[in-house]
Amino acid sequence: KGTVKTEHIITKKVDQNIIIALTFNAIKYMVLLDEKKDISFDVTNKTLKMGTINQDDYVLICEYNGISSAPFIFGGKLVLYSLEDGKRYVLADDKRIFYGISMPCIAGDMVYYFTREDAGGARMALYSLNLLSKEKRLVSQYNDMYDDIAINEKYIIYTQYDYDIEEEAAFFQYHDGERIKLTTGYALCVNIIDDEIYCYELLEDETGRLTVFSAEKEVEKKYQIDFDVKYYGDLVQLEKQNGRLFALLGNEYIAEIKNQKIDIIYEGKNINSMSLSDHQILFSDDSGIYTLSLDGVKAKQFISFDENEELKALLHKNTGDIDMIISYCEHYIAVQTIYIPERGMRDAYITTFDYDGKLVRQEHNRKLRF
């Protein structure tokens with residue numbers, strides 16, 4: 001449920017590799033679902049949401065093919081990874097040079113993912129993949145990439161650059177219908193929860209606005225909440241459980257939204273993910289993963305990243321960037337960690353813990369990407 005966005009920019013152009021890339025452009029995606037008979041989901045997601053890469057005790061992972069540094073990137077693949085036994089199921093494989101698969105999400109037997117449609121990455125395509133029928137379908141092609149997206153069986157909402165206002169906007173679109181713009185400010189994130197549409201935008205006066213819509217027959221605004229971004233920071237994540245709506249604000253505050261007001265229940269630093277259960281909130285920061293009571297009274301760390309030697313070594317490097325996605329699954333927690341150095345070889349691990357904080361499995365995989 002944590003969302004991390006990364007951008008890989010190829011700065012070197014090698015004539016020989018460009019010629020090879022043109023040759024490989026004709027190679028399409030391969031779907032390798034022969035092992036689908038081993039997969040069953042006891043718990044499924046209702047909405048496809050960008051960043052929701054986990055379902056039941058499986059997570060979607062993206063990998064580079066070939067040597068994972070430019071200019072030797074031979075496309076990439078999408079893998080369904082079992083946290084219970086470590087089995088891998090290759091769902092799609094794009095072997096075109098400089099291309100690849102990114103930003104997947106899963107709900108039920110449907111997987112959605114993005115691919116580049118040109119070597120520069122300006123044209124993006126959104127594909128759907130049915131895990132039962134093995135059917136792959138092109139959903140849409142756009143010259144500008146989605147920044148956030150949520151999909152259900154009736155419609156899709158997404159944020160995308162709007163050339164009319166020269167900034168990001170949020171759009172609603174019934175499947176096979178015309179799109180409707182939902183925001184007037186700078187749209188940052190969208191979601192669908194219990195058949196309600198949530199759009200967050202930043203206004204010119206540094207006010208954050210969360211607007212809630214319904215779309216049973218047509219799009220109708222239900223209510224909106226404005227708040228001071230200078231104090232709270234931007235809305236990062238929304239989660240709802242048993243009728244209660246919680247928000248992660250500015251990577252520092254966990255708040256409950258009730259009666260169209262914001263009630264801060266916890267203040268921390270560098271909070272990068274949040275998940276709800278029936279009786280508690282789970283969240284993570286740079287040092288580990290915590291439980292928090294729903295009233296925010298007590299926070300307790302039950303996983304420390306520094307107690308794992310491999311994660312500690314990555315997280316305490318002095319140069320380069322660290323990207324991390326944490327997925328709260330049914331019985332396990334998956335931590336994908338990627339170190340991207342200023343120079344040299346990248347490094348990455350996928351680490352599985354149980355909810356008692358015990359290490360279940362750790363795999364070294366330099367080809368991991370987000």
# chains A, B, ... in the order shown; residues from 1 in each chain; ligands from 1

$ residues_around --residues "segment 274-282 of chain A" --least-positions-apart "4" --cutoff "6 Å" --atoms "only C-alpha atoms" --output "PyMOL selection string"
chain A and resi 290-294

$ residues_around --residues "Ile53 of chain A" --least-positions-apart "6" --cutoff "8 Å" --atoms "only C-alpha atoms" --output "ChimeraX atom specification"
/A:1,59-61,104-106,327

$ select_by_dssp --residues "segment 203-265 of chain A" --states "helix (DSSP H, G or I)" --output "ChimeraX atom specification"
/A:229-232

$ residues_around --residues "Tyr112 of chain A" --least-positions-apart "5" --cutoff "9 Å" --atoms "only C-alpha atoms" --output "count of residues only"
13

$ closest_residue --among "A:Gly108, A:Val219, A:Ile192, A:Thr319" --to "Thr44 of chain A" --atoms "only C-alpha atoms"
A:Gly108

$ residues_around --residues "Asp321 of chain A" --least-positions-apart "2" --cutoff "7 Å" --atoms "only C-alpha atoms" --output "count of residues only"
5

$ residues_around --residues "Ile156 of chain A" --least-positions-apart "6" --cutoff "7 Å" --atoms "only C-alpha atoms" --output "list in words"
Ala150, Phe172, Gln173, Tyr174 and His175 of chain A
